[in-house]
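Pasting final.csv here (CSV, C-alpha atoms and all ligand atoms):
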chain,number,residue,atom,x,y,z
Z,1,MET,CA,-77.1,17.4,-202.0
Z,2,THR,CA,-80.1,19.7,-202.5
Z,3,GLU,CA,-81.7,19.3,-206.0
Z,4,ARG,CA,-80.6,22.0,-208.4
Z,5,PHE,CA,-82.7,23.3,-211.3
Z,6,PRO,CA,-82.1,25.8,-214.1
Z,7,LEU,CA,-83.7,29.2,-214.1
Z,8,ARG,CA,-83.8,31.6,-217.1
Z,9,LEU,CA,-83.7,35.3,-216.6
Z,10,THR,CA,-86.9,36.9,-218.0
Z,11,TYR,CA,-86.9,40.4,-216.3
Z,12,ARG,CA,-84.6,42.8,-214.6
Z,13,ARG,CA,-85.2,46.3,-213.3
Z,14,GLN,CA,-83.0,48.6,-211.3
Z,15,LEU,CA,-85.3,49.7,-208.4
Z,16,THR,CA,-82.8,52.1,-206.7
Z,17,ALA,CA,-79.1,53.0,-207.3
Z,18,SER,CA,-78.1,49.8,-205.5
Z,19,VAL,CA,-81.1,47.4,-205.6
Z,20,CYS,CA,-82.1,45.3,-208.6
Z,21,HIS,CA,-85.2,43.2,-209.1
Z,22,TYR,CA,-84.8,40.0,-211.2
Z,23,ALA,CA,-87.4,37.5,-212.3
Z,24,PHE,CA,-86.7,34.0,-213.6
Z,25,LEU,CA,-88.6,31.1,-215.1
Z,26,ARG,CA,-87.8,27.5,-214.3
Z,27,ASP,CA,-86.2,26.2,-217.5
Z,28,ASP,CA,-87.0,22.5,-217.0
Z,29,GLY,CA,-90.8,22.9,-217.2
Z,30,GLN,CA,-91.3,22.2,-213.5
Z,31,PRO,CA,-93.1,24.6,-211.1
Z,32,LEU,CA,-91.1,26.1,-208.2
Z,33,ALA,CA,-93.0,25.0,-205.0
Z,34,PHE,CA,-92.4,27.4,-202.1
Z,35,HIS,CA,-94.1,29.0,-199.1
Z,36,PRO,CA,-94.1,32.8,-199.3
Z,37,GLY,CA,-91.2,33.9,-197.1
Z,38,GLN,CA,-88.8,31.2,-198.2
Z,39,PHE,CA,-85.5,31.8,-200.1
Z,40,ILE,CA,-83.6,30.2,-203.0
Z,41,GLN,CA,-79.9,29.8,-203.5
Z,42,ILE,CA,-78.2,30.8,-206.7
Z,43,HIS,CA,-75.1,28.6,-207.5
Z,44,PHE,CA,-72.3,30.0,-209.6
Z,45,HIS,CA,-68.5,30.1,-210.0
Z,46,HIS,CA,-66.7,32.8,-208.2
Z,47,SER,CA,-64.2,34.9,-210.3
Z,48,ASP,CA,-61.4,32.8,-208.7
Z,49,GLY,CA,-63.0,29.7,-210.1
Z,50,HIS,CA,-64.4,28.1,-207.0
Z,51,GLN,CA,-68.1,27.0,-206.9
Z,52,THR,CA,-70.2,29.2,-204.5
Z,53,LYS,CA,-73.7,30.2,-203.8
Z,54,ARG,CA,-75.8,33.1,-202.4
Z,55,SER,CA,-79.2,33.1,-200.8
Z,56,TYR,CA,-82.1,35.4,-201.8
Z,57,SER,CA,-85.6,35.6,-200.4
Z,58,LEU,CA,-88.3,35.0,-203.0
Z,59,ALA,CA,-90.2,38.2,-203.7
Z,60,ASN,CA,-93.0,36.7,-205.8
Z,61,ARG,CA,-96.4,38.3,-205.6
Z,62,ARG,CA,-99.1,36.7,-207.7
Z,63,ASP,CA,-100.1,40.0,-209.4
Z,64,SER,CA,-96.5,41.2,-209.8
Z,65,ALA,CA,-95.6,43.6,-212.6
Z,66,ALA,CA,-92.4,41.7,-213.1
Z,67,ASP,CA,-93.9,38.7,-214.7
Z,68,ALA,CA,-97.2,37.0,-213.7
Z,69,ASP,CA,-95.7,33.6,-214.6
Z,70,ALA,CA,-92.3,34.2,-212.9
Z,71,ALA,CA,-91.1,31.1,-211.1
Z,72,ALA,CA,-88.7,33.1,-209.0
Z,73,GLU,CA,-88.4,36.8,-208.3
Z,74,ILE,CA,-85.5,38.1,-206.2
Z,75,VAL,CA,-84.5,41.6,-205.1
Z,76,VAL,CA,-80.8,42.1,-204.7
Z,77,SER,CA,-78.9,44.6,-202.7
Z,78,GLN,CA,-75.9,45.3,-204.9
Z,79,ILE,CA,-72.7,45.2,-202.8
Z,80,PRO,CA,-69.6,46.8,-204.5
Z,81,GLY,CA,-67.1,44.0,-205.1
Z,82,GLY,CA,-69.7,41.3,-204.1
Z,83,ALA,CA,-69.4,38.0,-205.9
Z,84,GLY,CA,-73.2,37.4,-206.1
Z,85,THR,CA,-73.7,41.0,-207.1
Z,86,ALA,CA,-71.3,40.7,-210.0
Z,87,PHE,CA,-72.6,37.4,-211.2
Z,88,LEU,CA,-76.2,38.6,-211.3
Z,89,ASP,CA,-75.2,42.0,-212.8
Z,90,GLY,CA,-73.5,40.2,-215.6
Z,91,LEU,CA,-76.6,38.3,-216.7
Z,92,ASN,CA,-78.6,39.1,-219.9
Z,93,ILE,CA,-82.3,38.4,-220.5
Z,94,GLY,CA,-82.5,34.7,-221.6
Z,95,ASP,CA,-79.4,33.6,-219.7
Z,96,ARG,CA,-79.6,30.4,-217.8
Z,97,ILE,CA,-78.3,29.9,-214.2
Z,98,MET,CA,-78.6,27.1,-211.5
Z,99,ALA,CA,-80.6,27.4,-208.3
Z,100,SER,CA,-81.9,25.3,-205.5
Z,101,GLY,CA,-84.7,25.6,-203.0
Z,102,ALA,CA,-87.0,26.8,-201.8
Z,103,HIS,CA,-85.4,26.7,-198.4
Z,104,GLY,CA,-86.2,27.9,-194.9
Z,105,THR,CA,-88.9,28.1,-192.3
Z,106,PHE,CA,-89.6,31.8,-192.5
Z,107,HIS,CA,-93.3,31.8,-193.5
Z,108,LEU,CA,-96.6,32.7,-191.8
Z,109,TYR,CA,-97.6,30.7,-188.8
Z,110,PRO,CA,-100.7,28.5,-189.6
Z,111,ASP,CA,-104.1,30.1,-189.7
Z,112,GLY,CA,-105.7,31.0,-186.4
Z,113,HIS,CA,-102.4,31.1,-184.4
Z,114,HIS,CA,-102.2,34.8,-183.4
Z,115,ARG,CA,-104.5,37.8,-183.9
Z,116,ARG,CA,-101.8,40.3,-184.7
Z,117,HIS,CA,-98.8,39.9,-187.0
Z,118,LEU,CA,-95.9,42.2,-186.1
Z,119,MET,CA,-93.7,42.3,-189.2
Z,120,ILE,CA,-90.3,44.0,-189.4
Z,121,ALA,CA,-88.1,44.3,-192.4
Z,122,THR,CA,-85.0,46.3,-193.3
Z,123,GLY,CA,-83.8,46.9,-196.9
Z,124,THR,CA,-84.3,43.9,-199.3
Z,125,GLY,CA,-85.8,42.0,-196.3
Z,126,ILE,CA,-89.0,43.5,-197.6
Z,127,SER,CA,-89.0,40.8,-200.3
Z,128,ALA,CA,-90.3,38.1,-198.0
Z,129,PHE,CA,-93.2,40.3,-196.8
Z,130,ARG,CA,-94.1,41.2,-200.4
Z,131,ALA,CA,-94.3,37.4,-201.1
Z,132,MET,CA,-96.5,36.9,-198.0
Z,133,SER,CA,-98.9,39.8,-198.8
Z,134,PRO,CA,-101.5,37.8,-200.9
Z,135,GLN,CA,-101.7,35.2,-198.2
Z,136,LEU,CA,-101.9,37.8,-195.5
Z,137,GLY,CA,-104.6,39.6,-197.4
Z,138,HIS,CA,-106.6,36.4,-197.8
Z,139,ARG,CA,-106.4,35.9,-194.0
Z,140,MET,CA,-107.4,39.5,-193.2
Z,141,ALA,CA,-110.4,39.1,-195.5
Z,142,GLN,CA,-111.5,36.0,-193.7
Z,143,ASP,CA,-110.6,36.7,-190.0
Z,144,ASP,CA,-110.4,39.4,-187.5
Z,145,ILE,CA,-106.6,39.7,-187.6
Z,146,GLU,CA,-104.3,42.7,-187.9
Z,147,ALA,CA,-100.8,43.3,-189.2
Z,148,VAL,CA,-98.2,46.0,-188.8
Z,149,LEU,CA,-95.2,46.2,-191.1
Z,150,LEU,CA,-92.3,48.3,-189.9
Z,151,PHE,CA,-89.9,48.9,-192.8
Z,152,GLY,CA,-86.5,50.3,-192.0
Z,153,VAL,CA,-84.7,52.2,-194.8
Z,154,ARG,CA,-82.3,55.1,-195.0
Z,155,THR,CA,-84.1,57.5,-197.2
Z,156,PRO,CA,-87.4,57.8,-199.1
Z,157,LEU,CA,-85.7,56.6,-202.3
Z,158,ASP,CA,-85.0,53.3,-200.6
Z,159,LEU,CA,-88.7,52.5,-199.8
Z,160,LEU,CA,-89.0,49.5,-202.1
Z,161,PHE,CA,-92.4,48.5,-203.3
Z,162,ALA,CA,-94.0,51.5,-201.4
Z,163,ASP,CA,-96.9,51.9,-203.8
Z,164,GLU,CA,-97.8,48.2,-203.4
Z,165,PHE,CA,-97.8,48.4,-199.6
Z,166,TYR,CA,-99.7,51.7,-199.6
Z,167,GLU,CA,-102.3,50.2,-201.9
Z,168,PHE,CA,-102.4,47.1,-199.7
Z,169,SER,CA,-103.1,49.2,-196.6
Z,170,GLU,CA,-105.9,50.9,-198.4
Z,171,ARG,CA,-107.5,47.6,-199.4
Z,172,PHE,CA,-107.0,46.2,-195.9
Z,173,PRO,CA,-107.5,48.8,-193.2
Z,174,ARG,CA,-106.3,46.4,-190.5
Z,175,PHE,CA,-102.8,46.5,-192.2
Z,176,ARG,CA,-100.5,49.3,-191.1
Z,177,PHE,CA,-97.5,50.2,-193.2
Z,178,VAL,CA,-94.9,52.1,-191.0
Z,179,PRO,CA,-91.8,53.2,-192.9
Z,180,CYS,CA,-88.9,54.1,-190.6
Z,181,PHE,CA,-86.3,56.4,-192.1
Z,182,SER,CA,-82.9,56.3,-190.4
Z,183,ARG,CA,-81.2,59.1,-192.5
Z,184,GLU,CA,-83.7,61.3,-194.2
Z,185,MET,CA,-87.4,61.8,-193.8
Z,186,PRO,CA,-89.7,62.4,-196.8
Z,187,GLN,CA,-90.4,66.0,-197.6
Z,188,HIS,CA,-94.1,65.5,-196.9
Z,189,PRO,CA,-94.2,62.7,-194.2
Z,190,ARG,CA,-97.3,60.6,-193.9
Z,191,PRO,CA,-98.9,60.1,-190.5
Z,192,ASP,CA,-97.3,56.6,-190.1
Z,193,ASP,CA,-93.8,57.7,-191.2
Z,194,ARG,CA,-91.2,57.5,-188.4
Z,195,GLN,CA,-87.7,58.9,-188.0
Z,196,GLY,CA,-85.0,56.4,-186.8
Z,197,HIS,CA,-84.4,52.7,-186.8
Z,198,VAL,CA,-87.2,50.2,-186.7
Z,199,GLN,CA,-86.0,48.9,-183.3
Z,200,ALA,CA,-86.6,52.4,-181.8
Z,201,HIS,CA,-90.3,52.2,-182.8
Z,202,LEU,CA,-91.2,48.6,-182.1
Z,203,ALA,CA,-92.0,49.2,-178.4
Z,204,ALA,CA,-94.6,51.8,-179.3
Z,205,PHE,CA,-96.7,49.0,-180.8
Z,206,GLU,CA,-96.8,47.3,-177.4
Z,207,PRO,CA,-95.8,43.7,-178.4
Z,208,ASN,CA,-98.2,41.4,-176.6
Z,209,PRO,CA,-97.4,37.7,-176.0
Z,210,GLN,CA,-101.2,36.9,-175.7
Z,211,THR,CA,-102.0,38.2,-179.2
Z,212,ASP,CA,-98.9,38.6,-181.4
Z,213,SER,CA,-96.6,36.6,-183.6
Z,214,ALA,CA,-93.5,38.4,-184.9
Z,215,TYR,CA,-91.6,38.1,-188.2
Z,216,LEU,CA,-88.2,39.7,-188.6
Z,217,CYS,CA,-86.3,39.8,-191.9
Z,218,GLY,CA,-83.1,41.5,-193.1
Z,219,ASN,CA,-80.1,43.0,-191.4
Z,220,PRO,CA,-78.8,40.6,-188.7
Z,221,GLN,CA,-78.3,43.4,-186.1
Z,222,MET,CA,-81.9,44.5,-186.5
Z,223,VAL,CA,-83.1,41.0,-186.1
Z,224,ASP,CA,-81.1,40.5,-182.9
Z,225,ALA,CA,-82.2,43.9,-181.5
Z,226,CYS,CA,-85.9,43.3,-182.2
Z,227,THR,CA,-85.7,39.7,-180.9
Z,228,SER,CA,-84.4,41.1,-177.5
Z,229,LEU,CA,-87.1,43.7,-177.4
Z,230,LEU,CA,-89.8,41.2,-178.2
Z,231,LYS,CA,-88.5,38.7,-175.6
Z,232,SER,CA,-88.4,41.4,-172.9
Z,233,ALA,CA,-92.1,42.1,-173.8
Z,234,GLY,CA,-92.8,38.5,-173.0
Z,235,LEU,CA,-92.9,36.9,-176.4
Z,236,ARG,CA,-91.4,33.4,-176.6
Z,237,MET,CA,-89.1,32.3,-179.4
Z,238,ALA,CA,-91.9,30.1,-180.6
Z,239,GLN,CA,-93.8,33.3,-181.5
Z,240,ILE,CA,-90.9,34.9,-183.4
Z,241,ARG,CA,-89.8,33.9,-186.9
Z,242,ARG,CA,-86.6,35.3,-188.1
Z,243,GLU,CA,-84.6,35.5,-191.4
Z,244,LYS,CA,-81.1,37.0,-191.0
Z,245,PHE,CA,-79.4,38.1,-194.2
Z,246,ILE,CA,-76.0,36.8,-193.1
Z,247,PRO,CA,-73.5,37.5,-195.8
Z,248,ASN,CA,-72.0,34.5,-197.6
Z,249,SER,CA,-74.4,31.9,-196.3
Z,301,LIG,C1,-81.5,33.4,-195.9
Z,301,LIG,C2,-80.9,34.5,-196.6
Z,301,LIG,C3,-81.7,35.3,-197.4
Z,301,LIG,C4,-81.1,36.4,-198.1
Z,301,LIG,N1,-81.9,37.1,-198.9
Z,301,LIG,C5,-81.4,38.2,-199.5
Z,301,LIG,C6,-82.2,39.0,-200.4
Z,301,LIG,O1,-83.4,38.7,-200.6
Z,301,LIG,N2,-81.6,40.1,-201.0
Z,301,LIG,C7,-80.3,40.4,-200.8
Z,301,LIG,O2,-79.9,41.4,-201.4
Z,301,LIG,N3,-79.5,39.7,-200.0
Z,301,LIG,C8,-80.0,38.6,-199.4
Z,301,LIG,N4,-79.2,37.8,-198.6
Z,301,LIG,C9,-77.8,38.2,-198.5
Z,301,LIG,C10,-77.1,37.6,-199.8
Z,301,LIG,O3,-77.2,36.2,-199.8
Z,301,LIG,C11,-75.7,38.0,-199.9
Z,301,LIG,O4,-74.9,37.5,-198.8
Z,301,LIG,C12,-75.4,39.5,-200.0
Z,301,LIG,O5,-76.3,40.0,-201.1
Z,301,LIG,C13,-74.0,39.8,-200.4
Z,301,LIG,O6,-73.6,39.0,-201.5
Z,301,LIG,P1,-72.5,39.3,-202.5
Z,301,LIG,O7,-72.0,38.0,-203.1
Z,301,LIG,O8,-72.9,40.4,-203.5
Z,301,LIG,O9,-71.3,39.9,-201.7
Z,301,LIG,P2,-70.1,39.1,-201.0
Z,301,LIG,O10,-69.1,38.6,-202.0
Z,301,LIG,O11,-70.7,38.0,-200.1
Z,301,LIG,O12,-69.5,40.1,-200.0
Z,301,LIG,C14,-68.5,41.1,-200.5
Z,301,LIG,C15,-68.1,42.0,-199.3
Z,301,LIG,O13,-69.2,42.8,-198.8
Z,301,LIG,C16,-69.5,42.5,-197.5
Z,301,LIG,N5,-71.0,42.5,-197.4
Z,301,LIG,C17,-71.8,41.5,-197.7
Z,301,LIG,N6,-73.1,41.9,-197.5
Z,301,LIG,C18,-73.1,43.2,-197.2
Z,301,LIG,C19,-74.1,44.1,-196.8
Z,301,LIG,N7,-75.4,43.9,-196.9
Z,301,LIG,N8,-73.6,45.4,-196.5
Z,301,LIG,C20,-72.3,45.7,-196.5
Z,301,LIG,N9,-71.3,44.8,-196.7
Z,301,LIG,C21,-71.7,43.6,-197.1
Z,301,LIG,C22,-69.0,41.1,-197.2
Z,301,LIG,O14,-68.7,40.9,-195.8
Z,301,LIG,C23,-67.7,41.1,-198.1
Z,301,LIG,O15,-66.7,41.8,-197.4
Z,301,LIG,C24,-79.7,36.7,-197.9
Z,301,LIG,C25,-78.9,36.0,-197.0
Z,301,LIG,C26,-79.5,34.9,-196.4
Z,301,LIG,C27,-78.6,34.1,-195.5
This entry written out as structure tokens:
Amino acid sequence: MTERFPLRLTYRRQLTASVCHYAFLRDDGQPLAFHPGQFIQIHFHHSDGHQTKRSYSLANRRDSAADADAAAEIVVSQIPGGAGTAFLDGLNIGDRIMASGAHGTFHLYPDGHHRRHLMIATGTGISAFRAMSPQLGHRMAQDDIEAVLLFGVRTPLDLLFADEFYEFSERFPRFRFVPCFSREMPQHPRPDDRQGHVQAHLAAFEPNPQTDSAYLCGNPQMVDACTSLLKSAGLRMAQIRREKFIPNS
């Protein structure tokens, strides 16, 4: 069985009507080792009594406003009637919960692998890219690499951590932030804003098997659709890293 450890809630903030940002400290004095992009699992008892768990990508960014010392930050899409949603929603600052991890292989390929990072997120899938951003910035400062982040949301209100990503793109001109709005465009769109789903805009970036690695995180249908597009552009599965937010796993 995976090792479990206690976390204590230190911060919570509602980011949108249905997305909440939580930060926890490890409550056993140990650090939480993880690669940016990985996820943790929260273990709890379902309202019917059975033991269950839910997975959440780590959203930690070193200079995060949530808590510079946070061991684990997660960003939770609140599903009406959802067991994990209800469990986390019921927590108060200082409450202790059990977790395990970090899990998964969704993290940046080793340095020098590919010249362009094609990154695609929907909804709370942006967490993994928030966590990767310091590492990506470090690479962009050292090497001649580029990155494009397509972020699929419904409306401008859903554009999580937008200020951080705009600030990041100002600091690193080879990083492009491309929000894709499926339901409602901003009143004053920016030049890189797009209308529609991310998969409708991916081809315009001309995915190239010679130069690109791709990272897909969030809605499973989006991940599958983008994988098909990337494969038809010639990328091999070894160039594509994926994290599907499959419910209840
Ligand atoms: C590797 C991994 C990483 C993940 N990371 C995150 C993350 O960072 N943030 C995050 O919010 N979630 C993440 N998820 C999804 C998360 O683990 C939960 O499955 C999800 O939040 C629903 O949990 P719940 O207990 O609230 O709802 P559940 O009790 O699991 O579901 C209640 C009902 O809602 C349906 N449902 C579940 N999810 C959705 C949805 N998205 N839209 C509509 N209906 C739904 C279910 O099918 C069910 O009928 C991740 C999943 C995986 C596998």
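Atom CA of Z:Met119 lies 10.5 Å from atom CA of Z:Phe175.
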- [ ] Compare Z:Thr16, Z:Ser77, Z:Gln135, Z:Thr124 by their minimum atom-to-atom distance to Z:Pro36, counting only C-alpha atoms, and give me the closest one.
- [x]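 Ranked by minimum distance to Z:Pro36, first place goes to Z:Gln135.
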Proximity to Z:Glu170 - best of Z:Gly137, Z:Ala17, Z:Arg96, Z:Thr211, only C-alpha atoms
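Of Z:Gly137, Z:Ala17, Z:Arg96, Z:Thr211, the one nearest Z:Glu170 is Z:Gly137, counting only C-alpha atoms.
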Let me see if you get this right: every residue at most 9 Å from ligand LIG 301 (chain Z), counting all atoms listed in the file, written as an MDAnalysis selection string.
chainID Z and resid 19:20 38:42 46 53:59 74:88 103:104 106 123:128 217:219 243:249
For stretch 3-14 of chain Z, work out the shell of residues within 12 Å, counting all atoms listed in the file and skipping chain neighbours fewer than 5 positions away, then give it as an MDAnalysis selection string. chainID Z and resid 19:32 40:44 53 64:78 88:103 158 160
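Note that atom CA of Z:Arg242 and atom CA of Z:Glu206 are 19.0 Å apart.
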**Item:** Distance criterion (all atoms listed in the file): nearest to Z:Leu15 out of Z:Ser213, Z:Ala162, Z:Leu150, Z:Arg116
**Value:**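 Of all the options, Z:Ala162 lies closest to Z:Leu15.
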Pick from Z:Val178, Z:Pro156, Z:Ala147, Z:His35, whichever lies nearest to Z:Ala214 using all atoms listed in the file: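 Closest to Z:Ala214 of all the choices is Z:Ala147.
With atom CA of Z:Ala33 on one side and atom CA of Z:Ala121 on the other, the separation reads 23.6 Å.
If you measure from each of Z:Ala238, Z:Met132, Z:Val148, Z:Leu229 to Z:His107 using all atoms listed in the file, the closest one turns out to be Z:Met132.
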Using all atoms listed in the file, the shortest atom-to-atom distance to Z:Thr227 among Z:Gln199, Z:Pro189, Z:His114, Z:Asn208 belongs to Z:Gln199
Report task. Please provide the set of residues having any atom within 7 Å of Z:Leu235, restricted to all atoms listed in the file, with same-chain residues fewer than 3 positions apart removed, written as JSON, numbers by chain. Result -> {"Z": [208, 209, 230, 231, 239]}
**OP:** Skip Z:Val153 itself and residues of its chain fewer than 3 positions away, then list as a ChimeraX atom specification all residues within 7 Å of it, counting all atoms listed in the file.
**Re:** /Z:122-123,158-159,180-182
N, CA and C atoms are needed for stretch 145-159 of chain Z; please write them out as a tab-separated table (two decimals), in the coordinates of the input.
chain	number	residue	atom	x	y	z
Z	145	ILE	N	-108.01	39.57	-188.04
Z	145	ILE	CA	-106.60	39.70	-187.60
Z	145	ILE	C	-106.06	41.05	-188.14
Z	146	GLU	N	-104.99	41.49	-187.50
Z	146	GLU	CA	-104.30	42.70	-187.90
Z	146	GLU	C	-102.88	42.46	-188.23
Z	147	ALA	N	-102.28	43.38	-188.96
Z	147	ALA	CA	-100.80	43.30	-189.20
Z	147	ALA	C	-100.24	44.66	-189.26
Z	148	VAL	N	-99.02	44.74	-188.73
Z	148	VAL	CA	-98.20	46.00	-188.80
Z	148	VAL	C	-96.92	45.64	-189.45
Z	149	LEU	N	-96.54	46.39	-190.47
Z	149	LEU	CA	-95.20	46.20	-191.10
Z	149	LEU	C	-94.38	47.40	-190.90
Z	150	LEU	N	-93.32	47.25	-190.09
Z	150	LEU	CA	-92.30	48.30	-189.90
Z	150	LEU	C	-91.23	48.05	-190.94
Z	151	PHE	N	-90.93	49.04	-191.75
Z	151	PHE	CA	-89.90	48.90	-192.80
Z	151	PHE	C	-88.82	49.88	-192.64
Z	152	GLY	N	-87.65	49.38	-192.28
Z	152	GLY	CA	-86.50	50.30	-192.00
Z	152	GLY	C	-85.68	50.51	-193.28
Z	153	VAL	N	-85.55	51.78	-193.63
Z	153	VAL	CA	-84.70	52.20	-194.80
Z	153	VAL	C	-83.95	53.44	-194.40
Z	154	ARG	N	-83.01	53.82	-195.28
Z	154	ARG	CA	-82.30	55.10	-195.00
Z	154	ARG	C	-83.03	56.29	-195.41
Z	155	THR	N	-83.47	56.30	-196.66
Z	155	THR	CA	-84.10	57.50	-197.20
Z	155	THR	C	-85.37	57.13	-197.97
Z	156	PRO	N	-86.20	58.12	-198.32
Z	156	PRO	CA	-87.40	57.80	-199.10
Z	156	PRO	C	-87.17	57.06	-200.38
Z	157	LEU	N	-86.00	57.29	-200.99
Z	157	LEU	CA	-85.70	56.60	-202.30
Z	157	LEU	C	-85.53	55.09	-202.06
Z	158	ASP	N	-85.26	54.68	-200.83
Z	158	ASP	CA	-85.00	53.30	-200.60
Z	158	ASP	C	-86.28	52.48	-200.20
Z	159	LEU	N	-87.42	53.17	-200.25
Z	159	LEU	CA	-88.70	52.50	-199.80
Z	159	LEU	C	-89.22	51.61	-200.88
